[in-house]
Structure formats: structure tokens, C-alpha cells
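One file, work33.cif, carrying mmCIF, C-alpha atoms:
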```
data_model
loop_
_atom_site.group_PDB
_atom_site.id
_atom_site.type_symbol
_atom_site.label_atom_id
_atom_site.label_comp_id
_atom_site.auth_asym_id
_atom_site.auth_seq_id
_atom_site.Cartn_x
_atom_site.Cartn_y
_atom_site.Cartn_z
ATOM 1 C CA MET B 1 148.920 75.469 127.121
ATOM 2 C CA MET B 2 146.015 73.333 128.232
ATOM 3 C CA ALA B 3 144.803 70.937 125.569
ATOM 4 C CA THR B 4 141.243 71.459 124.416
ATOM 5 C CA ALA B 5 138.773 68.667 124.890
ATOM 6 C CA ALA B 6 137.955 66.561 121.850
ATOM 7 C CA PRO B 7 134.606 67.395 120.279
ATOM 8 C CA PRO B 8 131.719 64.923 120.559
ATOM 9 C CA ILE B 9 131.790 62.109 118.023
ATOM 10 C CA ALA B 10 128.909 63.488 115.963
ATOM 11 C CA SER B 11 129.887 67.168 116.202
ATOM 12 C CA SER B 12 131.014 67.599 112.606
ATOM 13 C CA ILE B 13 128.224 65.356 111.329
ATOM 14 C CA GLY B 14 125.660 67.256 113.366
ATOM 15 C CA ALA B 15 127.014 70.579 112.126
ATOM 16 C CA LEU B 16 126.613 69.463 108.523
ATOM 17 C CA VAL B 17 123.084 68.288 109.256
ATOM 18 C CA ASP B 18 122.304 71.752 110.619
ATOM 19 C CA ALA B 19 123.905 73.400 107.580
ATOM 20 C CA TYR B 20 121.798 71.266 105.258
ATOM 21 C CA LEU B 21 118.598 72.108 107.133
ATOM 22 C CA ARG B 22 119.417 75.821 106.917
ATOM 23 C CA MET B 23 119.915 75.456 103.185
ATOM 24 C CA LEU B 24 116.525 73.721 102.840
ATOM 25 C CA ALA B 25 114.825 76.543 104.715
ATOM 26 C CA ASN B 26 116.640 79.520 103.195
ATOM 27 C CA GLU B 27 117.419 78.475 99.627
ATOM 28 C CA ARG B 28 114.827 75.869 98.723
ATOM 29 C CA GLY B 29 111.962 77.254 100.778
ATOM 30 C CA ALA B 30 111.072 73.848 102.240
ATOM 31 C CA SER B 31 107.822 73.698 104.180
ATOM 32 C CA ALA B 32 107.763 73.603 107.970
ATOM 33 C CA HIS B 33 106.502 70.005 107.781
ATOM 34 C CA THR B 34 109.453 68.949 105.592
ATOM 35 C CA LEU B 35 111.946 70.717 107.842
ATOM 36 C CA ARG B 36 110.564 69.017 110.950
ATOM 37 C CA ALA B 37 110.699 65.598 109.288
ATOM 38 C CA TYR B 38 114.239 66.030 107.953
ATOM 39 C CA ASP B 39 115.424 67.445 111.285
ATOM 40 C CA ARG B 40 114.031 64.399 113.098
ATOM 41 C CA GLU B 41 115.396 61.824 110.653
ATOM 42 C CA LEU B 42 118.871 63.295 110.146
ATOM 43 C CA HIS B 43 119.570 64.172 113.764
ATOM 44 C CA GLY B 44 118.302 60.714 114.680
ATOM 45 C CA PHE B 45 120.833 59.199 112.285
ATOM 46 C CA ALA B 46 123.634 61.407 113.653
ATOM 47 C CA ALA B 47 122.753 60.421 117.226
ATOM 48 C CA TRP B 48 122.728 56.745 116.254
ATOM 49 C CA LEU B 49 126.216 57.065 114.739
ATOM 50 C CA ALA B 50 127.512 58.690 117.922
ATOM 51 C CA GLU B 51 125.914 56.103 120.201
ATOM 52 C CA HIS B 52 127.175 53.115 118.238
ATOM 53 C CA GLY B 53 130.741 54.374 117.827
ATOM 54 C CA GLY B 54 130.319 54.938 114.145
ATOM 55 C CA ALA B 55 131.901 57.460 111.833
ATOM 56 C CA GLN B 56 133.222 60.728 113.221
ATOM 57 C CA GLU B 57 133.240 62.457 109.825
ATOM 58 C CA VAL B 58 130.720 62.272 107.007
ATOM 59 C CA ALA B 59 133.372 60.877 104.658
ATOM 60 C CA GLU B 60 133.698 57.857 106.962
ATOM 61 C CA ILE B 61 130.025 56.880 106.824
ATOM 62 C CA GLU B 62 129.518 53.631 104.938
ATOM 63 C CA HIS B 63 126.418 52.170 103.351
ATOM 64 C CA THR B 64 126.482 49.292 105.851
ATOM 65 C CA GLN B 65 125.984 51.792 108.682
ATOM 66 C CA ILE B 66 122.992 53.317 106.929
ATOM 67 C CA ARG B 67 121.481 49.837 106.512
ATOM 68 C CA ALA B 68 122.155 49.092 110.181
ATOM 69 C CA PHE B 69 120.419 52.329 111.182
ATOM 70 C CA LEU B 70 117.356 51.357 109.136
ATOM 71 C CA GLY B 71 117.442 47.993 110.883
ATOM 72 C CA THR B 72 117.151 49.685 114.263
ATOM 73 C CA LEU B 73 114.072 51.514 113.017
ATOM 74 C CA TYR B 74 112.427 48.175 112.235
ATOM 75 C CA GLU B 75 113.435 46.877 115.679
ATOM 76 C CA ARG B 76 111.669 49.853 117.242
ATOM 77 C CA GLY B 77 108.493 48.819 115.452
ATOM 78 C CA LEU B 78 108.515 51.433 112.711
ATOM 79 C CA SER B 79 106.902 50.554 109.406
ATOM 80 C CA LYS B 80 108.614 50.200 106.038
ATOM 81 C CA ALA B 81 107.101 53.534 105.061
ATOM 82 C CA SER B 82 108.756 55.229 108.054
ATOM 83 C CA ALA B 83 112.104 53.632 107.214
ATOM 84 C CA ALA B 84 111.711 54.734 103.591
ATOM 85 C CA ARG B 85 111.107 58.322 104.717
ATOM 86 C CA ALA B 86 114.230 58.218 106.876
ATOM 87 C CA LEU B 87 116.265 56.860 103.979
ATOM 88 C CA ALA B 88 114.893 59.552 101.661
ATOM 89 C CA ALA B 89 116.100 62.244 104.084
ATOM 90 C CA ILE B 90 119.543 60.622 104.361
ATOM 91 C CA ARG B 91 119.812 60.284 100.580
ATOM 92 C CA SER B 92 118.909 63.917 100.055
ATOM 93 C CA TRP B 93 121.504 64.974 102.630
ATOM 94 C CA PHE B 94 124.190 62.806 101.039
ATOM 95 C CA LYS B 95 123.398 64.240 97.614
ATOM 96 C CA TRP B 96 123.960 67.717 99.050
ATOM 97 C CA LEU B 97 127.187 66.570 100.751
ATOM 98 C CA ALA B 98 128.489 65.189 97.468
ATOM 99 C CA HIS B 99 127.499 68.310 95.540
ATOM 100 C CA ASN B 100 129.392 70.463 98.029
ATOM 101 C CA LYS B 101 132.490 68.190 97.985
ATOM 102 C CA TYR B 102 132.179 67.023 101.609
ATOM 103 C CA ILE B 103 132.307 63.436 100.373
ATOM 104 C CA GLU B 104 133.743 61.743 97.305
ATOM 105 C CA GLN B 105 131.400 58.760 97.204
ATOM 106 C CA ASN B 106 127.701 58.758 97.992
ATOM 107 C CA ALA B 107 127.223 55.816 100.359
ATOM 108 C CA ALA B 108 123.462 56.370 100.557
ATOM 109 C CA SER B 109 123.065 55.607 96.850
ATOM 110 C CA LEU B 110 124.055 51.995 97.598
ATOM 111 C CA VAL B 111 121.139 51.439 99.985
ATOM 112 C CA ALA B 112 117.946 50.111 98.418
ATOM 113 C CA THR B 113 114.594 51.606 99.327
ATOM 114 C CA PRO B 114 112.346 49.231 101.322
ATOM 115 C CA ARG B 115 109.711 47.692 99.077
ATOM 116 C CA LEU B 116 106.404 49.245 100.040
ATOM 117 C CA PRO B 117 102.925 47.861 99.502
ATOM 118 C CA LYS B 118 100.937 49.945 97.032
ATOM 119 C CA HIS B 119 97.880 51.441 98.668
ATOM 120 C CA LEU B 120 95.377 53.354 96.611
ATOM 121 C CA PRO B 121 93.854 56.254 98.538
ATOM 122 C CA ARG B 122 90.253 55.803 99.609
ATOM 123 C CA VAL B 123 88.351 58.503 97.776
ATOM 124 C CA PRO B 124 84.702 59.500 98.307
ATOM 125 C CA SER B 125 82.493 59.346 95.248
ATOM 126 C CA ILE B 126 81.416 62.454 93.335
ATOM 127 C CA GLU B 127 77.953 62.159 94.888
ATOM 128 C CA GLN B 128 79.405 61.907 98.403
ATOM 129 C CA MET B 129 81.644 64.932 97.893
ATOM 130 C CA ASN B 130 78.787 67.016 96.513
ATOM 131 C CA ARG B 131 76.629 66.061 99.493
ATOM 132 C CA VAL B 132 79.340 67.021 101.986
ATOM 133 C CA VAL B 133 80.248 70.350 100.385
ATOM 134 C CA ASP B 134 76.614 71.355 99.835
ATOM 135 C CA SER B 135 75.581 70.624 103.431
ATOM 136 C CA VAL B 136 77.961 72.761 105.503
ATOM 137 C CA ARG B 137 75.661 74.179 108.156
ATOM 138 C CA ALA B 138 75.849 75.352 111.752
ATOM 139 C CA ASP B 139 75.365 71.821 113.096
ATOM 140 C CA ALA B 140 78.739 70.805 111.633
ATOM 141 C CA ALA B 141 80.682 74.066 111.418
ATOM 142 C CA SER B 142 81.520 76.899 113.799
ATOM 143 C CA TRP B 143 81.702 79.355 110.881
ATOM 144 C CA PRO B 144 79.633 77.765 108.099
ATOM 145 C CA VAL B 145 80.342 80.314 105.372
ATOM 146 C CA ARG B 146 84.101 80.151 105.898
ATOM 147 C CA ASP B 147 84.144 76.372 106.247
ATOM 148 C CA ARG B 148 82.056 75.940 103.068
ATOM 149 C CA ALA B 149 84.634 78.075 101.236
ATOM 150 C CA ILE B 150 87.443 75.919 102.638
ATOM 151 C CA LEU B 151 85.851 72.712 101.329
ATOM 152 C CA GLU B 152 85.111 74.319 97.971
ATOM 153 C CA MET B 153 88.758 75.364 97.620
ATOM 154 C CA LEU B 154 90.212 72.024 98.716
ATOM 155 C CA TYR B 155 87.938 69.946 96.496
ATOM 156 C CA GLY B 156 87.270 72.463 93.727
ATOM 157 C CA CYS B 157 90.906 73.523 93.265
ATOM 158 C CA GLY B 158 92.767 70.426 94.474
ATOM 159 C CA ILE B 159 95.213 72.416 96.577
ATOM 160 C CA ARG B 160 97.153 71.143 99.580
ATOM 161 C CA ASN B 161 96.236 72.090 103.135
ATOM 162 C CA ALA B 162 99.396 74.205 103.528
ATOM 163 C CA GLU B 163 98.715 75.883 100.184
ATOM 164 C CA LEU B 164 95.204 76.771 101.331
ATOM 165 C CA THR B 165 96.283 78.309 104.638
ATOM 166 C CA GLY B 166 99.101 80.160 102.876
ATOM 167 C CA LEU B 167 96.736 81.952 100.494
ATOM 168 C CA ASN B 168 96.510 85.738 100.725
ATOM 169 C CA LEU B 169 93.757 88.037 99.486
ATOM 170 C CA ASP B 170 95.993 89.201 96.637
ATOM 171 C CA ASP B 171 96.337 85.614 95.404
ATOM 172 C CA ILE B 172 92.724 85.611 94.213
ATOM 173 C CA HIS B 173 92.717 86.835 90.594
ATOM 174 C CA TRP B 174 89.052 87.450 90.029
ATOM 175 C CA ALA B 175 89.415 88.800 86.493
ATOM 176 C CA ASN B 176 91.255 85.675 85.365
ATOM 177 C CA GLU B 177 89.117 83.317 87.447
ATOM 178 C CA ALA B 178 92.238 81.780 88.979
ATOM 179 C CA ILE B 179 94.218 81.626 92.206
ATOM 180 C CA LEU B 180 97.974 81.873 92.624
ATOM 181 C CA VAL B 181 99.166 78.885 94.661
ATOM 182 C CA ARG B 182 102.585 78.539 96.294
ATOM 183 C CA GLY B 183 103.426 74.871 96.384
ATOM 184 C CA LYS B 184 106.313 72.818 97.690
ATOM 185 C CA GLY B 185 109.701 74.515 97.430
ATOM 186 C CA GLN B 186 107.909 77.850 96.860
ATOM 187 C CA LYS B 187 106.995 76.794 93.326
ATOM 188 C CA GLN B 188 104.064 78.815 92.041
ATOM 189 C CA ARG B 189 101.212 77.790 89.810
ATOM 190 C CA TYR B 190 97.838 79.169 88.770
ATOM 191 C CA VAL B 191 94.764 77.032 89.405
ATOM 192 C CA PRO B 192 91.328 77.766 87.922
ATOM 193 C CA LEU B 193 88.753 79.101 90.354
ATOM 194 C CA GLY B 194 85.455 77.405 89.582
ATOM 195 C CA ASP B 195 82.071 79.109 89.844
ATOM 196 C CA ALA B 196 81.069 77.257 93.035
ATOM 197 C CA ALA B 197 84.346 78.068 94.778
ATOM 198 C CA ALA B 198 84.185 81.709 93.639
ATOM 199 C CA ALA B 199 80.629 82.102 94.944
ATOM 200 C CA ALA B 200 81.564 80.541 98.290
ATOM 201 C CA LEU B 201 84.625 82.806 98.565
ATOM 202 C CA ARG B 202 82.596 85.960 97.927
ATOM 203 C CA LYS B 203 80.120 85.056 100.673
ATOM 204 C CA TYR B 204 82.948 84.301 103.077
ATOM 205 C CA LEU B 205 84.859 87.500 102.262
ATOM 206 C CA SER B 206 81.762 89.555 103.052
ATOM 207 C CA GLU B 207 81.547 88.038 106.547
ATOM 208 C CA ARG B 208 85.336 88.208 106.966
ATOM 209 C CA ASP B 209 85.317 91.931 106.275
ATOM 210 C CA ALA B 210 82.458 92.450 108.739
ATOM 211 C CA ILE B 211 84.311 90.575 111.501
ATOM 212 C CA LEU B 212 87.499 92.558 110.909
ATOM 213 C CA ALA B 213 85.539 95.817 110.949
ATOM 214 C CA ALA B 214 83.839 94.879 114.224
ATOM 215 C CA ALA B 215 87.219 94.097 115.792
ATOM 216 C CA SER B 216 88.628 97.546 115.033
ATOM 217 C CA GLU B 217 88.542 100.293 117.646
ATOM 218 C CA ASP B 218 90.826 103.195 116.803
ATOM 219 C CA LYS B 219 92.125 102.027 113.432
ATOM 220 C CA PRO B 220 91.021 99.431 110.866
ATOM 221 C CA VAL B 221 92.177 95.864 111.417
ATOM 222 C CA ARG B 222 93.765 94.307 108.357
ATOM 223 C CA THR B 223 95.457 91.016 107.516
ATOM 224 C CA PRO B 224 96.710 89.640 104.207
ATOM 225 C CA ALA B 225 95.588 86.120 105.146
ATOM 226 C CA LEU B 226 92.637 84.846 103.130
ATOM 227 C CA PHE B 227 91.383 82.386 105.730
ATOM 228 C CA VAL B 228 91.425 83.655 109.314
ATOM 229 C CA ASN B 229 90.501 82.108 112.636
ATOM 230 C CA MET B 230 87.150 83.103 114.069
ATOM 231 C CA GLN B 231 88.573 84.809 117.174
ATOM 232 C CA LEU B 232 91.237 86.708 115.171
ATOM 233 C CA ARG B 233 93.808 85.399 117.622
ATOM 234 C CA GLY B 234 97.101 87.257 117.559
ATOM 235 C CA ILE B 235 95.942 90.100 115.363
ATOM 236 C CA ALA B 236 96.034 92.607 118.242
ATOM 237 C CA ARG B 237 99.764 91.894 118.597
ATOM 238 C CA GLY B 238 100.464 92.432 114.927
ATOM 239 C CA GLY B 239 99.766 88.867 113.825
ATOM 240 C CA GLN B 240 97.765 87.791 110.785
ATOM 241 C CA ALA B 241 95.168 85.578 112.509
ATOM 242 C CA ARG B 242 95.865 83.081 109.739
ATOM 243 C CA LEU B 243 94.044 79.761 110.027
ATOM 244 C CA THR B 244 96.412 76.861 110.729
ATOM 245 C CA THR B 245 96.642 73.574 108.856
ATOM 246 C CA ARG B 246 95.700 71.759 112.065
ATOM 247 C CA SER B 247 92.509 73.785 112.342
ATOM 248 C CA VAL B 248 91.642 73.054 108.715
ATOM 249 C CA GLY B 249 92.147 69.351 109.412
ATOM 250 C CA ARG B 250 89.722 69.474 112.332
ATOM 251 C CA ILE B 251 87.162 71.416 110.275
ATOM 252 C CA VAL B 252 87.243 68.945 107.372
ATOM 253 C CA LYS B 253 87.121 65.861 109.589
ATOM 254 C CA ARG B 254 84.199 67.113 111.684
ATOM 255 C CA ILE B 255 82.067 68.005 108.656
ATOM 256 C CA ALA B 256 82.932 64.781 106.830
ATOM 257 C CA ILE B 257 82.110 62.515 109.768
ATOM 258 C CA LEU B 258 78.813 64.266 110.494
ATOM 259 C CA ARG B 259 77.874 63.809 106.837
ATOM 260 C CA GLY B 260 78.540 60.085 106.858
ATOM 261 C CA LEU B 261 82.078 59.806 105.486
ATOM 262 C CA SER B 262 84.864 57.698 106.985
ATOM 263 C CA SER B 263 86.692 58.966 110.065
ATOM 264 C CA ASP B 264 90.013 58.857 108.176
ATOM 265 C CA VAL B 265 89.007 61.748 105.905
ATOM 266 C CA HIS B 266 91.433 64.669 106.013
ATOM 267 C CA PRO B 267 92.172 67.688 103.758
ATOM 268 C CA HIS B 268 94.397 65.624 101.468
ATOM 269 C CA THR B 269 91.451 63.268 100.856
ATOM 270 C CA LEU B 270 89.746 66.147 99.052
ATOM 271 C CA ARG B 271 92.862 66.626 96.929
ATOM 272 C CA HIS B 272 92.792 62.910 96.056
ATOM 273 C CA ALA B 273 89.135 63.272 95.150
ATOM 274 C CA PHE B 274 89.869 66.289 92.934
ATOM 275 C CA GLY B 275 92.379 64.357 90.827
ATOM 276 C CA THR B 276 90.411 61.124 90.776
ATOM 277 C CA HIS B 277 87.125 62.721 89.759
ATOM 278 C CA LEU B 278 88.766 64.797 87.021
ATOM 279 C CA LEU B 279 90.261 61.610 85.606
ATOM 280 C CA GLU B 280 86.946 59.766 85.837
ATOM 281 C CA GLU B 281 85.296 62.549 83.856
ATOM 282 C CA GLY B 282 87.880 62.323 81.064
ATOM 283 C CA ALA B 283 90.531 64.905 81.977
ATOM 284 C CA ASP B 284 94.035 64.392 80.596
ATOM 285 C CA LEU B 285 96.505 63.012 83.126
ATOM 286 C CA ARG B 286 99.116 65.654 82.315
ATOM 287 C CA ALA B 287 96.590 68.425 82.796
ATOM 288 C CA ILE B 288 95.791 66.984 86.221
ATOM 289 C CA GLN B 289 99.524 66.894 86.935
ATOM 290 C CA GLU B 290 99.760 70.638 86.252
ATOM 291 C CA LEU B 291 96.692 71.425 88.336
ATOM 292 C CA LEU B 292 97.999 69.428 91.294
ATOM 293 C CA GLY B 293 101.500 70.877 90.973
ATOM 294 C CA HIS B 294 103.228 67.495 90.756
ATOM 295 C CA GLU B 295 106.797 67.455 89.514
ATOM 296 C CA ARG B 296 106.503 63.871 88.246
ATOM 297 C CA LEU B 297 103.670 62.264 86.351
ATOM 298 C CA SER B 298 104.134 59.089 88.406
ATOM 299 C CA THR B 299 103.047 61.039 91.494
ATOM 300 C CA THR B 300 99.818 62.035 89.759
ATOM 301 C CA GLN B 301 99.165 58.421 88.887
ATOM 302 C CA ARG B 302 99.377 57.445 92.547
ATOM 303 C CA TYR B 303 96.793 60.078 93.425
ATOM 304 C CA THR B 304 94.218 58.627 91.097
ATOM 305 C CA GLN B 305 92.187 55.462 91.014
ATOM 306 C CA LEU B 306 91.491 53.722 87.767
ATOM 307 C CA THR B 307 89.310 50.656 87.637
ATOM 308 C CA THR B 308 89.492 48.106 84.857
ATOM 309 C CA ALA B 309 86.129 49.310 83.627
ATOM 310 C CA GLN B 310 87.389 52.902 83.385
ATOM 311 C CA LEU B 311 90.487 51.812 81.482
ATOM 312 C CA THR B 312 88.378 49.727 79.110
ATOM 313 C CA ALA B 313 86.047 52.662 78.493
ATOM 314 C CA VAL B 314 88.974 54.952 77.677
ATOM 315 C CA TYR B 315 90.444 52.321 75.323
ATOM 316 C CA ASP B 316 87.130 51.746 73.535
ATOM 317 C CA ARG B 317 86.597 55.475 73.101
ATOM 318 C CA THR B 318 90.069 56.453 71.941
ATOM 319 C CA HIS B 319 92.009 53.602 70.296
ATOM 320 C CA PRO B 320 91.457 53.265 66.524
ATOM 321 C CA ARG B 321 91.684 49.458 66.643
ATOM 322 C CA ALA B 322 89.001 49.226 69.305
ATOM 323 C CA LYS B 323 86.271 50.610 67.050
#
```

What would you get if you wrote out this structure as C-alpha cells?
Amino acid sequence: MMATAAPPIASSIGALVDAYLRMLANERGASAHTLRAYDRELHGFAAWLAEHGGAQEVAEIEHTQIRAFLGTLYERGLSKASAARALAAIRSWFKWLAHNKYIEQNAASLVATPRLPKHLPRVPSIEQMNRVVDSVRADAASWPVRDRAILEMLYGCGIRNAELTGLNLDDIHWANEAILVRGKGQKQRYVPLGDAAAAALRKYLSERDAILAAASEDKPVRTPALFVNMQLRGIARGGQARLTTRSVGRIVKRIAILRGLSSDVHPHTLRHAFGTHLLEEGADLRAIQELLGHERLSTTQRYTQLTTAQLTAVYDRTHPRAK
């Protein structure tokens, strides 16, 4: 009998990477962005092990090899933040490997996270945000009514870009003045729908319905997607014409720049502004945590900016020994 060829060095490692990615997609409901990032980082690590004659099985991977892999990332010019993201993916994979008994010792737990500089997000002021949201016109937007509603939802509800584009019509609970948001890992939360956002949504939905009606020939055109692209691309083939996160990014950036904001503004900037401005106006940090859908309070703290003057004002107003 002819002997079978030996499998590639990283075959078993690569197979377990693929199994982990399938688990993230099917069981944890990871976002497409997370899946792409983990796929890139983990397959990159597996390829590095194969190229450098490293471990053939996951149980043979040592913490020194993980450190060496991170070192190659630095040599390629990647930042500490990029190396930290790669390590986070490897740690998560190793935790899954240990949980499923593929390994006895978690080598990744012995590798320290690169120390990162702390950068506070640059957040527009309340006055700047009001000016931008209130001035969405045809000179800055291809569909002003829709794009005004997008900005109102991002800033008024503090939701993520992917959460916005994932919204369906049924997620708007008018009677309760709230929206149902599906966050990371398919976790759901209700977020209040403010008066300004509700008014902007109603105007947009009126135009949305008119565009869908005009597109119908023999039978009505319907889509569950709340925010749709202007051309209704793909709907004739059974698609939803759902607006993409990339399109939302372009919409926000164009309006922001034309209204005098920095060119680095993106949809997440409006989420930063939501949390920061709530805190400035006296909202409780844990309430902001719930609204933003953060699992850890420390994450909420990174999304906000507190000046010494703000902290002093809070202390003077609330601490009994300050009065």
C-alpha cells in the first residue's frame, strides 16, 4: 500500500483555527468585522508557525513562539495597537482550545499585552454636533431626509454603525419610544428614541415608503431594512437594499467635513459624543454603560472625556464634605 503524504505542518492548527471561527459565527454571533479580523490574525499566526518550523500541533505551541510572532509584527512596522489586537485574537482562541481540552496549558496567558498609550477620543462639542445634525441639506447629502435620520440615530441613540444598518422596521417601538438594538454577540438592548430622532425617522419613513411604492410594478416592493440605499440596489433580485456600514461612513464624513468638523470624523465619533455629552450633562456612568451596551464599565470610561473642571464640579455638587 502506498504511504500517504504527510499533512502540511500547520494543517491541524489551521483546522482548529477554522473550527474556532465557525464557532464564533454560529454560536456567538460574532460580527462580520470581528470574523474578518480574527481570521486574518489567527491564520497569520498559523502561517508564521508553518514558515518558521514551529509547532505542528496546538499542544506544542509555547509562549515564546507567540512572543516571537508579535516581534515579527513590530518588524513589519505594525503598531503596538495592531500587535495587541493580534494577541487578543490568539488569547481568545487559546481560551477556546483549553475549554475544549485541545491543550492542557494556556501558553497565551503567559504573554503580556503591549503597553498602549492612552488616547482620549476627539469629540465635537454639543454646539458643533447640534449644528451638524440640524444642517443636513442637499448640498451635503444625496438623500437629506434619510441622512438627517441617520445622524439623529447615531448621535441621539449612541448606537454603533453596524447596529444602525442592522435595524429593521419592526425594531422601532413607537408606543414605548424605544428601539431594539442588536449589539455585539447578538446581545439585545432597548435604547430610548428621543423626540428629535423620532421626528426625523417619521419624515424619512414617509419618503422611504414613497420610493418603494414607485419602484413597484406588478407587486409591492417590501424590505425589512430600516435604512435603504437610494437606488434600492439588489431588491429586484430578492435583496433587502439595506444600507451598508461603508455607505454610512461616507455619509457621516461628507456632512461633517462640509460643516466644519475634522476629517477624521466617522460614525463612531457620534457614539463617543453621545456618551461624553450625557456625562457632561450629569448622567450616571452606569446608565451610560447600559445605553451604549458595554459589558464592562471600564469600556464606558474610555469612551468619555472628563476634564479636571468637570470632576471638580461633580465633587462640589455631590460630596458631603465639599459643602

List as a Markdown table every residue of stretch 109-177 of chain B that is in contact with stretch 197-213 of chain B, defined as an atom at most 7 Å from one of its atoms (using only C-alpha atoms), together with the nearest atom pair and the distance in Å rounded to one decimal, sorted by chain and then rising number.
```
| residue | atom | partner | partner_atom | distance |
| --- | --- | --- | --- | --- |
| B:Val145 | CA | B:Tyr204 | CA | 5.3 |
| B:Arg146 | CA | B:Tyr204 | CA | 5.1 |
| B:Arg148 | CA | B:Ala200 | CA | 6.7 |
| B:Ala149 | CA | B:Ala200 | CA | 4.9 |
| B:Glu152 | CA | B:Ala197 | CA | 5.0 |
| B:Met153 | CA | B:Ala197 | CA | 5.9 |
| B:Gly156 | CA | B:Ala197 | CA | 6.4 |
```

Between B:Leu232, B:Ala86, B:Ala32, B:Met23, which residue has the minimum interatomic distance to B:Thr72, considering all atoms listed in the file?
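For B:Thr72, the nearest of the given residues is B:Ala86.
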
What is the distance, in Å and to one decimal place, between atom CA of B:Thr223 and atom CA of B:Ala241?
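Result for atom CA of B:Thr223 versus atom CA of B:Ala241: 7.4 Å, one decimal.
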
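Considering the residues B:Val133, B:Ala55, B:Ala141, B:Ile66 and counting only C-alpha atoms, B:Ser247 has its shortest atom-to-atom contact with B:Ala141.
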
Set the distance at 10 Å and use only C-alpha atoms: which residues neighbour B:His266 once local chain neighbours fewer than 5 positions away are removed? I'd like the list as a compact mmCIF listing (two decimals) with C-alpha atoms, keeping the file's coordinate frame.
```
# COMPACT_ATOMS: atom_id res chain seq x y z
CA ASN B 161 96.24 72.09 103.14
CA VAL B 248 91.64 73.05 108.72
CA GLY B 249 92.15 69.35 109.41
CA ARG B 250 89.72 69.47 112.33
CA ILE B 251 87.16 71.42 110.28
CA VAL B 252 87.24 68.94 107.37
CA LYS B 253 87.12 65.86 109.59
CA ARG B 254 84.20 67.11 111.68
CA ALA B 256 82.93 64.78 106.83
CA ARG B 271 92.86 66.63 96.93
```

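The nearest approach to B:Leu270 among the residues B:Ile126, B:Ala83, B:Ala88, B:Ala37, with all atoms listed in the file taken into account, belongs to B:Ile126.
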